[in-house]
Each structure stands twice: as C-alpha cells, then as structure tokens.
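Trainee: Structure provided below as structure tokens; questions to follow.
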Amino acid sequence: MCGIVGYVGKKEAVPILLQGLESLEYRGYDSSGLAYFDEAQKKIDCFKGAGPVSCLKSQLAGIHHSGCIGIAHTRWATHGAPTQENAHPHLDNKGYFAIVHNGIIENYKLLKQDLEKRGYQFKSQTDTETAVHLWHAKNEHADAIRESFRQAILHMEGQFAFVGMGLDEPDRLFVFRRSNPLLIGLGRGENFVASDATAFLPYTNRVIYLGDDELAEVFKDHVRIYNLKSGRLIHKKSVHIDWSQEQAQKGNAPHFMFKEIHEQPEVLKKTLKQRIKNTQIIWNELRPKDLDKLKQIERILAVSCGTAYHACLASKYMFDACTGIPVSVDVSSEFRYSEQQLTRKDMVLLVSQSGETADTLAALNEAKRQGVFTLAIVNVRGSSLAREADAVIYTHAGPEIGVASTKAYTAQLMVLALLAIYLGIIRNKISKKDASAFLAQARKLPKYCLQIIQKKSAAVKSYAESLKDKPNFIYLGRGINFPTALEGALKFKEITYTHAHGYAAGEMKHGPIALIDDQLVVICIAPQSKTYEKMMNNIEEISARKGIVFSIGTEDDQRLIAKSRFFVGIPRILEIFSPILTVIPLQLLAYYVAVAKGNEVDKPRNLAKSVTVE
Ligand code: F6R
C-alpha cells in the first residue's frame with residue numbers, strides 16, 4: 001500500500017527521502033515521487049513517475065538539490081492508473097502547495113466539481129489532487145497555512161493521512177492523520193514523518209504517534225500538534241521504539257523472507273523470556289482491569305486476516321484444550337458485515353502483524369460499537385489497532401519486511417498458546433503441575449525451531465528444486481495442524497504463483513480426492529498426535545492414486561517415511577505447540593520454490609505488506 005516520507009532539517013532532503021522510500025518499498029507500490037523546497041529558486045520542485053524508486057532515483061541523478069525540507073510517496077493505485085500524472089506529490093495550479101496522501105477521500109467528486117467551477121485545473125484522475133486544490137482555495141481566506149490546511153481537511157470525508165508543504169512557510173511540514181498510519185520521528189535538529197517507522201530508523205527511535213483527527217506542524221527542532229475540530233494545541237509524549245536499524249535491513253541475507261525465517265528461534269526465545277517469569281505467565285501491557293476482564297469472559301471471537309487468521313484458527317484448538325471457553329473464528333471482512341449479536345461477556349480478539357489492516361480495524365469498530373471488550377495482539381507498536389483496542393499485547397517479532405509473513409506468525413502462535421495456558425490457569429482448568437509441564441515444553445521451542453532450520457533446510461531446498469514445476473499442490477492437516485495446512489498453502493501461492501490449496505484432511509474424500517493423479521503434490525502434515533492414524537489413512541488413499549506424498553512428521557517416524565516420497569522430520573512436542581514447528585518446513589518450501597522459479601520473494605506481485613484499504 002502507499003507509503004509516506006517527510007523530512008525537515010539541516011541536511012539535503014532528497015537523499016533522505018529516497019532512502020526512506022526504499023525502506024518502504026516492501027509495502028508494495030506501483031509509482032513514486034517526491035517534492036522539496038528548492039532554496040536557490042524559492043520554489044517547490046517535484047519529480048515523479050510510474051515504476052520503482054530506482055526510476056525516480058535515475059530521474060534525480062545529476063540534479064543539484066539544495067532543499068532541506070521535502071515530502072515523498074510510494075503510490076499503490078486506487079483512483080487512476082499508475083502513471084506519472086497520478087503519482088504523488090500533487091501540486092496546486094500555482095505551485096504553492098504540495099501534498100502526498102494515503103487513504104481515500106470519499107467526497108472527492110463533489111469537491112472536484114466545485115473546484116473545477118472555480119477554475120482549478122486537474123491534471124490527474126486521483127482523489128488526492130482535490131485535496132491540494134482545496135487547500136489552495138481555503139488559503140485565500142485564511143491568515144495561516146495551517147488554518148487553510150485544517151479547513152480543507154474539515155471539508156473532506158473519508159479515512160486519510162496527508163503530509164504537505166507550502167511555499168510561503170518552507171520551514172515546516174503540515175501533517176494530518178485519520179485511520180491511516182502516520183508517525184513523527186524526532187531527531188536532533190531534524191524531524192521526520194512516515195507511514196512506517198522503518199523509513200526513519202537509521203536516524204531516530206524516538207517517535208510521536210499521531211492519533212485520529214490530529215494535525216501537526218513539524219519543524220526541524222519542534223513539533224506542534226492540534227486537534228482538528230477545535231484547532232487547539234494538544235500535548236503528546238514521545239515514546240522510544242525498540243526496533244533497530246539492523247532489524248529492518250537485509251544484511252547479508254539473500255532476502256528478507258530468508259532472514260525472517262531464520263530469526264524465528266530468537267523471536268520465540270525473546271517472547272518466552274518476556275512472558276514467563278519463573279513459573280508465571282506475565283502480560284506487562286495489561287492493566288489490572290484488563291486482567292479482571294479476562295477472568296470474566298464467557299466467549300472469545302477471534303478476528304483477523306490472512307496469516308493472522310490462520311494463527312487465530314490454531315488458537316481455537318489451544319483455547320479448547322486449555323480453557324473450555326467457546327471460541328469462534330472469523331476473517332475480519334466477514335465479521336464486520338456479519339451482524340453478529342455480541343454480549344458484554346464476549347471478548348473480541350484481534351490479531352494483526354501491522355495493526356493497520358483495514359478490515360480488522362473495521363471489525364474492531366464494530367465490536368466497540370457493541371460495547372464489547374477488545375484485545376489486540378499486534379506486532380507494530382503504536383499502530384491503529386494497538387491504540388484503539390481496549391487492551392493490547394505485543395508480539396515483539398521486530399520489523400517484518402518480507403511481504404509473506406513468517407516470524408510474525410510464529411510469534412502470534414506463541415503468544416496465543418501462552419494466553420490459552422494463562423486463561424486455563426486463572427480459571428482453574430489447568431493444574432500447577434500441568435502448567436509447568438506446558439511451560440517446560442514451550443521453553444524447548446526456540447532450540448527445536450533452530451534445529452529444523454539448521455538441519456532440514458538443505459533437504460527442503462533440494463525437494464523444492466525437484467518439485468518447482470509441478471502445477472498443483474494440496475496441503476492437508478487435521479486438528480491444530482489444519483490451520484498449518486492453510487498457512488502452508490497461502491505461503492506457497494503468495495510467492496511461487498502456483499496453485500496451492502489447504503484442506504482439512506478429513507474433507508479430502510468430500511471433493512479434493514478427485515484431483516489426485518501422479519502430478520499432484522500432496523503435503524501431509526502428520527506429526528504423531530491423536531489424529532495421526534487418520535492422517536495415515538489419508539496418505540494410503542493418496543498413494544493408491546499415485547499422488548506425490550510430501551509429509552511433515554515426527555522425527556524418525558519410519559512408518560511415515562516409508563509412505564512418503566518426501567519427508568521432513570520435526571522434534572516431538574506437545575500438540576498445542578506443534579503448529580509453531582510444523583510451519584517452518586512449509587515456509588522453507590515456499591521460499592526455495594520461489595527462489596528456484598526466480599520470483600521476487602520479498603515483493604510478490606499484486607501483494608502489499610499492509611492492506612490499509614478494504
Ligand atoms: C500472508 C500475509 C497476509 C497478512 C494479512 C493480515 O503472508 O502476510 O495474509 O497476514 O494481510 O495482515 P496483518 O497481520 O498485518 O493484519
């Protein structure tokens with residue numbers, strides 16, 4: 001989705017803006033641009049075009065840029081094709097104002113008609129251009145640019161974030177946020193604005209999170225924040241984010257996805273260290289009243305999208321095993337329109353890596369509208385979901401840059417498993433003895449995860465090379481590893497562009513069996529568990545029809561090895577933790593097939609890292 005970067009300081013803005021845009025490339029985009037205040041000529045210079053940031057860089061090569069304030073954007077087309085005219089920034093007809101924008105201005109057509117009648121000429125098909133002309137129009141009657149910016153926003157409907165600059169006040173950026181990510185990075189003698197902290201991590205870790213309907217003027221050495229409606233100044237504290245620049249860089253790894261798969265043992269270790277003190281499970285972020293709520297809830301409705309949805313599906317088995325609390329799981333896009341009647345004893349659990357997924361935020365709003373307690377499990381600190389839910393638990397996976405989610409997923413599973421055990425303990429469903437047995441097993445996960453990555457990667461890579469041209473893959477699992485089948489298939493189709501379908505193995509006879517022939521690869525997730533024998537029956541049926549069996553099972557399971565064309569063994573672990581291990585070979589398989597096909601692993605076609613529109 002679109003990315004925003006803004007800079008004001010003492011250094012040349014253009015290289016900083018370009019670097020910021022490069023670090024946002026992972027979000028997915030189709031065109032890019034930037035504008036800066038040209039100090040020599042006292043005007044706003046703008047460069048933009050379709051295609052990647054590297055094209056923008058070539059446009060700018062050899063041009064001397066003398067400005068220390070600027071704005072930049074990566075666009076993911078919504079209104080109008082990805083062309084140079086539609087790329088941001090947009091300038092008004094006189095070149096007084098420049099603006100970049102994320103989100104949608106819902107009433108832009110009406111505003112545009114009115115502005116056209118008043119003589120404004122539109123050069124693009126975007127809704128964004130309306131904002132900049134409106135800003136200019138409002139400025140005719142305002143005594144300060146900030147006020148015309150505020151007036152323009154008050155006339156626009158929708159969810160959006162803006163960063164703009166004005167020729168007459170070239171010492172500051174004008175910033176606004178509503179339901180779209182935007183934060184201010186505080187440096188020394190320089191400040192930043194971005195839709196994602198990774199854009200300014202090389203310079204600062206100190207940030208101010210703008211709230212909804214907050215407007216800011218960002219100068220190089222201070223920031224003023226205002227309430228949109230009243231126009232009054234408000235005070236906001238800055239916070240320190242614990243993400244490092246190295247975490248957001250690829251280093252020597254061939255891809256971010258590769259790096260993030262390999263970071264999983266550390267992420268699990270960190271999660272366990274933070275959440276388990278002696279034999280207690282700790283939730284630092286939760287207040288006593290949140291913990292009280294957790295004691296009282298009678299039903300959990302878990303809501304999320306994509307990979308996070310698969311973590312929620314797995315969590316149902318965890319909650320079932322540990323708590324006895326009824327759990328229902330929905331994708332956010334269904335939940336938000338489902339008209340489900342919620343009660344005060346329900347808890348809506350929202351899981352998200354980015355905390356900015358539009359459908360999940362809409363689901364949160366629906367839950368809040370019905371007055372239900374909402375708990376978010378989120379990776380990005382200060383994200384919309386983290387700020388707007390009643391309570392938040394962070395996953396601490398660090399920045400996830402690869403579009404295909406890996407370490408955020410295993411971190412979500414780990415937190416959800418601990419939450420299920422915690423709820424089991426406080427509701428007397430799990431004895432002290434059982435709890436310590438659970439936690440002893442949990443502590444083994446980082447080591448086991450590392451073992452799989454270190455010892456199995458070479459085999460998975462060679463299997464991937466021999467399977468890379470197969471046209472169809474089915475993933476089968478049962479119980480808590482049914483969601484693993486869905487996740488494995490999602491990962492595979494996202495980055496290999498090959499058809500892959502996840503199925504509950506018990507459903508095989510109800511349809512997918514018709515697909516089996518000697519070209520179909522069937523990935524069977526069959527660790528030794530209560531559904532093992534049933535999985536073995538599935539495997540017999542696949543083999544009888546000459547399907548290619550690729551199984552993930554318990555290490556040294558000779559029976560399974562004998563029935564499989566390809567086999568990856570994982571260490572034996574308690575069932576509620578098994579999805580944390582079974583998914584690792586599936587991530588590696590998707591990764592190596594995508595590499596063997598020469599695909600862009602980190603930025604798969606048509607996908608965006610954070611889906612901020614419906
Ligand atoms: C898949 C993937 C997506 C996300 C989904 C939700 O690899 O990354 O399916 O899981 O878009 O995103 P978040 O977790 O940010 O809400």
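Convention: chains lettered A, B, ... in structure tokens order; per-chain residue numbering from 1; ligands numbered from 1 as shown.
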Using only C-alpha atoms and all ligand atoms, which protein or nucleic acid residues are at most 8 Å from ligand 1, as an NGL selection string?
Mentor: :A and (304-309 or 351-357 or 360 or 378 or 403-406 or 408-409 or 490-491 or 494 or 608-611)
Trainee: Excluding Gly185 in chain A and any residue of its chain fewer than 6 positions from it, enumerate the residues within 9 Å of it, using only C-alpha atoms, and give them as a PyMOL selection string.
Mentor: chain A and resi 191-194+197+200-201+203-209+238
Trainee: Check the smallest atom-to-atom distance from each of A:Leu413, A:Ile241, A:Thr484, A:Gln274 to Val380 in chain A using only C-alpha atoms, then report the winner.
Mentor: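 The closest residue to Val380 in chain A is A:Ile241.
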Trainee: Do you know which residues are at most 9 Å from Asn284 in chain A counting only C-alpha atoms, after dropping those on the same chain fewer than 3 positions away, and could you put them as a PyMOL selection string?
Mentor: chain A and resi 274-275+287+393
Trainee: Take the residues that were just selected and, keeping N, CA and C atoms, output them as a tab-separated table (two decimals), in the first residue's frame.
Mentor:
```tsv
chain	number	residue	atom	x	y	z
A	274	GLN	N	10.20	-12.77	27.80
A	274	GLN	CA	9.38	-11.65	28.25
A	274	GLN	C	8.11	-12.10	28.96
A	275	ARG	N	7.59	-13.24	28.55
A	275	ARG	CA	6.26	-13.64	29.04
A	275	ARG	C	6.30	-14.61	30.20
A	287	ARG	N	-3.50	-3.96	32.04
A	287	ARG	CA	-3.77	-3.32	33.33
A	287	ARG	C	-4.61	-4.27	34.18
A	393	ILE	N	-1.59	-6.67	23.47
A	393	ILE	CA	-0.42	-7.48	23.78
A	393	ILE	C	0.48	-7.41	22.54
```
Trainee: Using backbone DSSP assignments, extract all strand (DSSP E) residues from range 354-524 of chain A; output them as a VMD selection string.
Mentor: chain A and resid 373 to 378 391 to 394 472 to 477 499 to 504 521 to 524
Trainee: Could you save those same residues with N, CA and C atoms as a CSV table (one decimal), in the first residue's frame?
Mentor:
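Final output, result.csv:
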```csv
chain,number,residue,atom,x,y,z
A,373,PHE,N,-15.5,-5.9,25.1
A,373,PHE,CA,-14.1,-5.8,25.4
A,373,PHE,C,-13.3,-6.3,24.2
A,374,THR,N,-12.3,-5.5,23.8
A,374,THR,CA,-11.5,-5.9,22.7
A,374,THR,C,-10.0,-6.0,23.1
A,375,LEU,N,-9.4,-7.1,22.7
A,375,LEU,CA,-8.0,-7.3,23.0
A,375,LEU,C,-7.3,-7.5,21.7
A,376,ALA,N,-6.2,-6.7,21.4
A,376,ALA,CA,-5.5,-6.8,20.2
A,376,ALA,C,-4.1,-7.5,20.4
A,377,ILE,N,-3.7,-8.4,19.5
A,377,ILE,CA,-2.4,-8.9,19.6
A,377,ILE,C,-1.7,-8.4,18.3
A,378,VAL,N,-0.7,-7.6,18.5
A,378,VAL,CA,-0.2,-6.7,17.4
A,378,VAL,C,1.3,-6.7,17.4
A,391,ALA,N,-7.4,-3.2,25.0
A,391,ALA,CA,-6.1,-3.7,25.6
A,391,ALA,C,-5.2,-4.3,24.5
A,392,VAL,N,-3.9,-4.3,24.7
A,392,VAL,CA,-3.0,-4.8,23.6
A,392,VAL,C,-1.9,-5.6,24.2
A,393,ILE,N,-1.6,-6.7,23.5
A,393,ILE,CA,-0.4,-7.5,23.8
A,393,ILE,C,0.5,-7.4,22.5
A,394,TYR,N,1.8,-7.1,22.7
A,394,TYR,CA,2.7,-7.0,21.6
A,394,TYR,C,3.4,-8.4,21.3
A,472,ASN,N,0.2,-28.2,-9.3
A,472,ASN,CA,-0.8,-28.1,-8.2
A,472,ASN,C,-0.3,-28.8,-6.9
A,473,PHE,N,-0.6,-28.1,-5.9
A,473,PHE,CA,-0.2,-28.6,-4.5
A,473,PHE,C,-1.5,-28.5,-3.6
A,474,ILE,N,-1.7,-29.7,-2.9
A,474,ILE,CA,-2.7,-29.6,-1.9
A,474,ILE,C,-2.0,-29.8,-0.5
A,475,TYR,N,-2.5,-29.1,0.5
A,475,TYR,CA,-1.9,-29.2,1.8
A,475,TYR,C,-3.0,-29.7,2.7
A,476,LEU,N,-2.7,-30.8,3.4
A,476,LEU,CA,-3.7,-31.5,4.3
A,476,LEU,C,-3.2,-31.5,5.7
A,477,GLY,N,-4.1,-31.2,6.6
A,477,GLY,CA,-3.7,-31.3,8.1
A,477,GLY,C,-5.0,-31.6,8.8
A,499,HIS,N,-0.7,-22.8,-8.0
A,499,HIS,CA,-1.9,-23.1,-7.3
A,499,HIS,C,-1.7,-24.0,-6.1
A,500,ALA,N,-2.1,-23.6,-4.9
A,500,ALA,CA,-1.9,-24.4,-3.7
A,500,ALA,C,-3.2,-24.3,-2.9
A,501,HIS,N,-3.7,-25.4,-2.3
A,501,HIS,CA,-5.0,-25.3,-1.6
A,501,HIS,C,-4.8,-26.0,-0.3
A,502,GLY,N,-5.2,-25.4,0.8
A,502,GLY,CA,-5.2,-26.0,2.1
A,502,GLY,C,-6.5,-26.6,2.4
A,503,TYR,N,-6.5,-27.8,3.0
A,503,TYR,CA,-7.8,-28.5,3.3
A,503,TYR,C,-7.7,-29.3,4.6
A,504,ALA,N,-8.8,-29.4,5.3
A,504,ALA,CA,-8.9,-30.3,6.4
A,504,ALA,C,-8.8,-31.7,5.8
A,521,VAL,N,1.0,-32.8,-6.0
A,521,VAL,CA,1.8,-32.9,-4.8
A,521,VAL,C,0.9,-32.7,-3.6
A,522,VAL,N,0.9,-33.7,-2.7
A,522,VAL,CA,0.0,-33.5,-1.5
A,522,VAL,C,0.9,-33.4,-0.3
A,523,ILE,N,0.9,-32.3,0.3
A,523,ILE,CA,1.7,-32.0,1.5
A,523,ILE,C,0.9,-32.5,2.7
A,524,CYS,N,1.4,-33.5,3.4
A,524,CYS,CA,0.6,-34.0,4.5
A,524,CYS,C,1.3,-33.7,5.9
```
Trainee: Can you tell me, as a list of chain:residue names, what residues are no more than 8 Å from range 33-42 of chain A when counting only C-alpha atoms, ignoring any on the same chain fewer than 2 positions away?
Mentor: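 In the requested format, the answer is A:Ala13, A:Val14, A:Leu17, A:Ser31, A:Ile44, A:Asp45, A:Cys46, A:Phe47, A:Lys48, A:Gly49, A:Val53, A:Leu56, A:His65, A:Ser66, A:Gly67, A:Cys68, A:Ile69, A:Gly70, A:Ile71, A:Ala72, A:His73, A:Thr74, A:Ala87, A:His88, A:Pro89, A:Ala98, A:Leu167, A:Pro170.
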Trainee: Near range 441-455 of chain A, within 8 Å and counting only C-alpha atoms, which residues show up once chain neighbours fewer than 4 positions away are dropped, as a list in words?
Mentor: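 The residues satisfying every condition are His262, Gln264, Pro265, Glu266, Leu268, Lys269, Leu272, Ala437, Ile570, Pro571, Ile573, Leu574, Phe577, Ile580, Leu581, Ile584 and Pro585 of chain A.
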Trainee: What's the separation between CA of Thr498 in chain A and CA of Pro483 in chain A, in Å to one decimal place?
Mentor: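 Atom-to-atom, CA of Thr498 in chain A to CA of Pro483 in chain A, that is 19.4 Å.
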Trainee: How many Å lie between CA of Ala420 in chain A and CA of Lys345 in chain A, rounded to one decimal?
Mentor: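 Interatomic distance, CA of Ala420 in chain A to CA of Lys345 in chain A: 17.3 Å.
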Trainee: For Gln249 in chain A, which of A:Ser462, A:Ser179, A:Thr198, A:Ser54 is the closest residue, counting only C-alpha atoms?
Mentor: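 Looking only at the distances to Gln249 in chain A, the closest residue turns out to be A:Thr198.
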Trainee: So which residues touch Cys55 in chain A within 12 Å, counting only C-alpha atoms, skipping near sequence neighbours fewer than 3 positions away, as a PyMOL selection string?
Mentor: chain A and resi 18+22+30-33+47-52+58-61+84
